[in-house]
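Q: Got a structure for you, questions after.
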Amino acid sequence: MSGYLLRRLVSLAATLLVAALVIFLVLEILPGDPAAVTLGLNAAPEALAALRTEMGLDRPAPLRFLAWIGGMLTGDLGLSYTYRVPVTQLIGERMAVTLPLASFAILLACAIGIPLGALAAAHHNRAGDAAVMVFAQLGLAIPNFWFGLLLVLLFAIGAGWLPAGGFPGWEGGAGPALKALLLPALALALPQAAILARVTRSAMLETMQEDYVRTARAKGVSRRRVLRRHVLRNALIPVVTVLGLQFSVLLAGAIIIENVFALPGLGRLVFQSIAQHDLIVVKDLVMLFCALVVALNFVVELLYGLIDPRLRQAT
Amino acid sequence: MRGPSASLPRGRRGWAGPSLLIGATLAALVVALALVSFVWTPYEPTQMAILKRLRPPSAEHWFGTDQFGRDVFSMIMVGARNSLAVGLGAVGIALLVGTALGLAASRRRDGLLDHLVMRAADFSLAFPAVLSAIMIGAVWGPGMHNAVIAIGLYSLPYFARLARGAALQCRQLDYVQAARAAGLSEATITRVHILPNIAGVLVVQATIQFALAILAEAGLSYLGLGTQPPAPSWGRMLNEAQTFMADQPWLAIFPGAAIALSVLAFNLLGDGLRDAVDPRTRRSRA
């Protein structure tokens with residue numbers, strides 16, 4: 001197991017290094033002069049020269065790359081050109097919105113998708129199954145930002161139950177903050193719930209064909225108990241896999257949803273940084289998103305062992 | 001010498017499940033809307049008419065007018081053209097380059113090229129289209145072409161992995177071994193035997209990726225990273241509708257419905273085609 005873990009950790013580090021290299025090439029080498037991109041075409045030569053020095057562009061590219069990697073490892077991501085504050089501080093503040101939003105969305109997606117998939121499998125080829133499949137098709141087709149707008153129309157503008165956007169912060173207590181995150185999280189969760197419902201249903205239908213399920217039924221165990229204890233538990237492996245793979249889609253969705261609901265999270269920050277040509281922040285944020293996705297995929301692989309002891313022994 | 005086609009098994013040709021039928025009908029409707037927009041739209045989609053601004057749906061303006069008095073239905077027709085163009089461009093690039101890479105990787109399993117292509121594919125799956133678009137947009141500015149490149153780059157690894165896997169299976173088959181024994185070059189074997197046999201699964205994947213590309217384009221245009229004004233785009237229309245949504249909800253409802261309908265059409269078409277290509281998948285999904 002430790003050998004396997006070590007191999008996976010080396011692979012994780014290599015992937016992150018390649019990601020950093022690609023991001024550095026695209027955002028620092030390809031533009032030619034990142035300072036000119038940041039300040040625009042009409043920048044004064046003195047301002048350009050000052051920014052080049054501030055960004056360290058007077059040093060060779062390999063040294064800059066190493067300095068960036070070193071900075072990331074020590075928590076020094078440089079100074080945002082637009083906000084004039086350390087990027088680490090910006091990320092810390094915005095993380096307090098994006099992480100709870102993503103976690104809330106994953107919880108909602110699991111709470112909606114897994115029971116619906118299980119319901120569909122238990123009522124295979126009946127009305128409940130068909131209804132879940134229609135939900136899944138619609139959930140995959142409806143853009144989450146449009147669903148977000150519809151939720152605002154219904155529950156914020158129409159009923160007035162929830163805020164249409166903005167975030168009050170965590171200082172005022174968890175209640176108002178969670179209330180502000182409910183509609184965005186629901187919008188973000190819809191496509192994930194649809195995918196989870198399909199995968200759970202499909203995995204349960206496959207598991208129902210297994211000999212041990214037939215044996216359990218033959219022993220007189222009730223159908224409900226077999227579905228819960230034997231079928232659903234074994235069907236969770238592909239569900240966890242898909243959940244891990246979908247995390248990158250969820251993060252991408254968060255970038256759009258935070259803009260729909262004017263939430264001051266990482267997604268909105270990256271978007272504002274593009275508009276302001278703040279390449280330092282864009283570079284760090286893209287790397288952060290990439291690292292989050294890669295790290296989560298790593299955690300998912302470790303989770304396999306916890307869910308299925310057979311895989312733990314195999315590794 | 002040509003091997004048996006894996007695209008449509010004998011006895012299943014002409015089979016049309018409800019997914020295929022509904023998907024094909026809806027997709028034909030969206031494509032027809034886009035094609036008709038080249039020769040006819042009820043109004044000029046970019047023509048402003050301030051006196052007619054924010055009109056609700058009526059016989060004169062089927063989907064109402066926007067804040068500049070532009071006809072929403074005409075904008076949706078032209079928006080369909082732009083959405084399909086981005087989808088076609090992105091999936092076309094991904095299909096061509098991804099398939100070529102996958103086929104090249106499959107020539108020697110576990111060879112250097114195979115490892116390189118597969119690791120690159122693994123790596124790019126960690127990059128959602130919106131992240132590529134953000135990087136490209138930050139450096140070269142937003143636009144339709146950059147959206148095509150970003151979505152194409154994101155879709156590419158799906159085709160590379162699929163083409164590699166399917167080609168590796170094909171290379172084990174007797175008629176490919178026979179062709180090799182007969183002295184045919186690897187390039188000829190790939191062109192004459194492998195490619196026609198994996199074309200079916202690639203077309204299915206292309207249809208599904210096409211639906212995802214439409215969704216991604218709408219998201220990028222919503223953020224201002226895709227199709228740029230004055231060219232109408234569904235995502236941009238939704239962005240602009242947000243300000244007026246409380247009193248003019250149709251401005252948000254119609255473009256969103258157009259996106260959902262198009263994505264649903266190509267998703268169903270892809271599902272239907274997959275069932276036709278591989279009937280085994282139908283049991284677990286249908």
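Letters A, B, ... go to the chains of the structure tokens in the order shown; residues in each chain start at 1; ligands are counted from 1 in the same order.
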Sorted by chain and rising residue number, which residues of chain A lie within 7 Å of chain B, and what are their closest atom pairs and distances in Å to one decimal, counting only C-alpha atoms, as JSON lines?
A:
{"residue": "A:Thr15", "atom": "CA", "partner": "B:Phe123", "partner_atom": "CA", "distance": 6.7}
{"residue": "A:Leu27", "atom": "CA", "partner": "B:Val139", "partner_atom": "CA", "distance": 6.6}
{"residue": "A:Pro31", "atom": "CA", "partner": "B:Val139", "partner_atom": "CA", "distance": 5.8}
{"residue": "A:Gln137", "atom": "CA", "partner": "B:Leu264", "partner_atom": "CA", "distance": 6.9}
{"residue": "A:Leu138", "atom": "CA", "partner": "B:Leu264", "partner_atom": "CA", "distance": 7.0}
{"residue": "A:Ala141", "atom": "CA", "partner": "B:Ala260", "partner_atom": "CA", "distance": 4.9}
{"residue": "A:Ile142", "atom": "CA", "partner": "B:Ala260", "partner_atom": "CA", "distance": 4.6}
{"residue": "A:Pro143", "atom": "CA", "partner": "B:Leu215", "partner_atom": "CA", "distance": 6.5}
{"residue": "A:Trp146", "atom": "CA", "partner": "B:Gly256", "partner_atom": "CA", "distance": 5.7}
{"residue": "A:Leu153", "atom": "CA", "partner": "B:Ala246", "partner_atom": "CA", "distance": 6.8}
{"residue": "A:Ile157", "atom": "CA", "partner": "B:Ala246", "partner_atom": "CA", "distance": 6.4}
{"residue": "A:Ser202", "atom": "CA", "partner": "B:Ser284", "partner_atom": "CA", "distance": 5.4}
{"residue": "A:Leu205", "atom": "CA", "partner": "B:Ser284", "partner_atom": "CA", "distance": 6.4}
{"residue": "A:Ser248", "atom": "CA", "partner": "B:Pro128", "partner_atom": "CA", "distance": 6.1}
{"residue": "A:Val249", "atom": "CA", "partner": "B:Pro128", "partner_atom": "CA", "distance": 6.3}
{"residue": "A:Ala252", "atom": "CA", "partner": "B:Val130", "partner_atom": "CA", "distance": 6.0}
{"residue": "A:Ile256", "atom": "CA", "partner": "B:Leu223", "partner_atom": "CA", "distance": 6.9}
{"residue": "A:Ile274", "atom": "CA", "partner": "B:Ala138", "partner_atom": "CA", "distance": 5.3}
{"residue": "A:His277", "atom": "CA", "partner": "B:Ala138", "partner_atom": "CA", "distance": 6.4}
{"residue": "A:Val286", "atom": "CA", "partner": "B:Leu131", "partner_atom": "CA", "distance": 6.6}
{"residue": "A:Cys290", "atom": "CA", "partner": "B:Ala126", "partner_atom": "CA", "distance": 6.2}
{"residue": "A:Val293", "atom": "CA", "partner": "B:Ala126", "partner_atom": "CA", "distance": 6.0}
{"residue": "A:Val294", "atom": "CA", "partner": "B:Ala126", "partner_atom": "CA", "distance": 6.5}
Q: Quick one: everything within 9 Å of Met77 of chain B, counting only C-alpha atoms, minus sequence neighbours fewer than 2 positions away in the same chain. Send it as a ChimeraX atom specification.
A: /B:30,33-37,41,45,72-75,79-81,232
Q: Provide the atom CA of Arg224 of chain A to atom CA of Gly117 of chain A distance in Å, to one decimal place.
A: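 Between these atoms lies a distance of 14.8 Å.
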Q: Determine, counting only C-alpha atoms, which protein, DNA and RNA residues have an atom within 12 Å of an atom of Gln209 of chain A; residues of the same chain fewer than 4 positions away are not included. Present the result as a ChimeraX atom specification.
A: /A:121,202-205,213-215,217,227,230-231,235 /B:283-284
Q: Using DSSP assignments from the backbone, pull out every residue in segment 225-274 of chain B that falls under helix (DSSP H, G or I) and give it to me as a count of residues only.
A: 33
